[in-house]
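> Once you've had a glance at the structure underneath, I'll fire off some questions.
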Amino acid sequence: MIRVPSTSQKGATYELRWVPDGGFWYCTCPAWRFQKGPVDRRQCKHMRMRGIGHKRPRAPTKPTKTRRPPFMLLGQWDGDAAQGWWLSEKMNGVRLWWDGTRFITRGGRVLTHVPTFFTKALPKGVAVDGELWGGRGGKRGSKGFRRALTAVHGSGVPAHWQQVQFVAFDLPMAAPYTQRYQQLVTLAKKHKFRVVPQHLVRSPRDVVQALQSIQERDGEGVVLRHPVLDTAYTKGRNKHVKKYKGRSPKK
Ligand SMILES: [Zn+2]
């Protein structure tokens, strides 16, 4: 049992209790008691404050779906000339589309359980393409990937969202990448969200060296973007945006 002070009534306390038979937490506060819906799905601010979720996910069994966002997809870098291209780290996380009010996955699932502290830095009414990232670690960032998955498929436990961040890399708009990137940086400075830094490739060796240094730190790989030929953000595969994770053992 956890005793929590009431925020509205001075001196009053509420109790958070785990109900083993039911497999859920309950709170003695009015907000929890008078809440509609099954007991194992209810939440209150005291639970959220303590990072308490439920045994069963809070997300409805039928996830909220919408149209799949028009994500731009990456081709493979095969070692061809990359001088003058933009290079950035490829973050191993979950790709998310911020549509100006909410996050949507590639499959079109709307994330309805994201805590507000996580979304408050994102621009209202502006679409942003990025990755939910949980850091490096593990084989090619697999630890960070798992953290991102936990947040996306979890029940909105704040602790899960404190372990991840949204790192933006593109703005869906009709302009060459360099321009989109500049606008993204300006937007990010104003709203204080994170942008994946871009570096200019000066020689062919730069790509291999960058990959090596990223993978030594348990990162996944690199992304290359043509500064001009990638003329606009478009849906689907774009041959002017490429990823490279080194040689993979293909059969
Ligand atoms: Zn409560």
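Every chain in the structure tokens has a letter given in the order shown (A, B, ...), and although residue numbers restart at 1 in each chain, ligands are simply numbered from 1 in the order shown.
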Kindly work out which residues sit at most 8 Å from ligand 1, using only C-alpha atoms and all ligand atoms, and give the list as a list in words.
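Going residue by residue within 8 Å of ligand 1, we get Tyr14, Glu15, Leu16, Tyr26, Cys27, Thr28, Cys29, Pro30, Ala31, Trp32, Gln43, Cys44, Lys45, His46 and Met47 of chain A.
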> Using only C-alpha atoms, which protein or nucleic acid residues come within 12 Å of Ala188 (chain A)? Drop anything in the same chain fewer than 5 positions from it, and give the result as a ChimeraX atom specification.
/A:121-123,126,128,166-171,181-183,193-197
> Would you pick out the contacts of region 223-239 of chain A at 9 Å or less, using only C-alpha atoms, so that residues sharing its chain but fewer than 4 positions from it are not included, and give the list as a ChimeraX atom specification?
/A:69-77,82,84-90,170-180,201,207,243-245
> Take CA of Trp161 (chain A) and CA of His113 (chain A) and report the distance between them in Å, one decimal.
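CA of His113 (chain A) lies at a distance of 10.2 Å from CA of Trp161 (chain A).
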> Compare A:Ile2, A:Arg95, A:Pro204, A:Pro38 by their minimum atom-to-atom distance to Trp18 (chain A), counting only C-alpha atoms, and give me the closest one.
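Under the stated criterion, the closest residue is A:Ile2.
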> How close does region 155-247 of chain A get to region 138-142 of chain A? List, as JSON lines, each residue of region 155-247 of chain A within 12 Å, its nearest atom pair and the distance in Å to one decimal, counting only C-alpha atoms.

```
{"residue": "A:Leu211", "atom": "CA", "partner": "A:Arg140", "partner_atom": "CA", "distance": 10.9}
{"residue": "A:Gln212", "atom": "CA", "partner": "A:Arg140", "partner_atom": "CA", "distance": 11.3}
{"residue": "A:Ser213", "atom": "CA", "partner": "A:Arg140", "partner_atom": "CA", "distance": 11.9}
{"residue": "A:Ile214", "atom": "CA", "partner": "A:Arg140", "partner_atom": "CA", "distance": 9.0}
{"residue": "A:Gln215", "atom": "CA", "partner": "A:Arg140", "partner_atom": "CA", "distance": 6.5}
{"residue": "A:Glu216", "atom": "CA", "partner": "A:Arg140", "partner_atom": "CA", "distance": 9.1}
{"residue": "A:Arg217", "atom": "CA", "partner": "A:Arg140", "partner_atom": "CA", "distance": 8.6}
{"residue": "A:Asp218", "atom": "CA", "partner": "A:Arg140", "partner_atom": "CA", "distance": 5.0}
{"residue": "A:Gly219", "atom": "CA", "partner": "A:Arg140", "partner_atom": "CA", "distance": 4.8}
{"residue": "A:Glu220", "atom": "CA", "partner": "A:Arg140", "partner_atom": "CA", "distance": 4.2}
{"residue": "A:Gly221", "atom": "CA", "partner": "A:Arg140", "partner_atom": "CA", "distance": 7.6}
{"residue": "A:Val222", "atom": "CA", "partner": "A:Arg140", "partner_atom": "CA", "distance": 11.3}
{"residue": "A:Lys245", "atom": "CA", "partner": "A:Arg140", "partner_atom": "CA", "distance": 8.9}
{"residue": "A:Gly246", "atom": "CA", "partner": "A:Arg140", "partner_atom": "CA", "distance": 10.9}
```
> When DSSP is applied to the backbone of this structure, which of region 75-245 of chain A are assigned helix (DSSP H, G or I)? Write them out as a ChimeraX atom specification.
/A:116-119,139-153,158-162,177-191,204-216
> I need the chosen residues saved as a short mmCIF file (atom, residue, chain, number, x, y, z; two decimals), in the first residue's frame, with C-alpha atoms.

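Below is the file that was written, result-v4.cif:
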```
data_model
loop_
_atom_site.label_atom_id
_atom_site.label_comp_id
_atom_site.auth_asym_id
_atom_site.auth_seq_id
_atom_site.Cartn_x
_atom_site.Cartn_y
_atom_site.Cartn_z
CA THR A 116 1.78 15.18 -21.75
CA PHE A 117 5.25 16.03 -20.45
CA PHE A 118 6.58 14.18 -23.46
CA THR A 119 4.58 16.00 -26.13
CA LYS A 139 24.11 -4.81 -30.47
CA ARG A 140 23.63 -1.88 -32.84
CA GLY A 141 21.45 0.04 -30.44
CA SER A 142 19.16 -2.87 -29.61
CA LYS A 143 18.74 -1.68 -26.01
CA GLY A 144 17.48 1.68 -27.10
CA PHE A 145 15.18 -0.02 -29.56
CA ARG A 146 13.65 -2.11 -26.80
CA ARG A 147 13.10 0.99 -24.66
CA ALA A 148 11.30 2.65 -27.54
CA LEU A 149 9.14 -0.44 -28.06
CA THR A 150 8.24 -0.53 -24.37
CA ALA A 151 7.08 3.07 -24.51
CA VAL A 152 5.09 2.61 -27.71
CA HIS A 153 3.37 -0.62 -26.68
CA PRO A 158 5.75 7.95 -17.26
CA ALA A 159 8.93 6.06 -16.32
CA HIS A 160 8.91 4.39 -19.73
CA TRP A 161 8.68 7.73 -21.49
CA GLN A 162 11.42 9.24 -19.36
CA TYR A 177 16.58 18.66 -47.69
CA THR A 178 19.05 21.37 -46.67
CA GLN A 179 16.18 23.84 -46.43
CA ARG A 180 13.95 21.41 -44.57
CA TYR A 181 16.76 20.73 -42.13
CA GLN A 182 17.38 24.42 -41.49
CA GLN A 183 13.71 24.99 -40.80
CA LEU A 184 13.63 21.99 -38.53
CA VAL A 185 16.58 23.31 -36.52
CA THR A 186 14.91 26.71 -36.16
CA LEU A 187 11.67 25.08 -35.06
CA ALA A 188 13.46 22.81 -32.60
CA LYS A 189 15.31 25.73 -31.00
CA LYS A 190 12.04 27.54 -30.47
CA HIS A 191 10.21 24.53 -29.04
CA PRO A 204 34.36 8.91 -49.39
CA ARG A 205 36.23 7.78 -46.28
CA ASP A 206 34.01 9.98 -44.10
CA VAL A 207 31.07 7.59 -44.42
CA VAL A 208 33.01 4.50 -43.37
CA GLN A 209 34.74 6.36 -40.54
CA ALA A 210 31.49 7.79 -39.23
CA LEU A 211 29.89 4.35 -39.31
CA GLN A 212 32.83 2.87 -37.46
CA SER A 213 32.76 5.49 -34.74
CA ILE A 214 28.98 5.16 -34.32
CA GLN A 215 29.13 1.37 -34.13
CA GLU A 216 31.97 1.49 -31.64
#
```
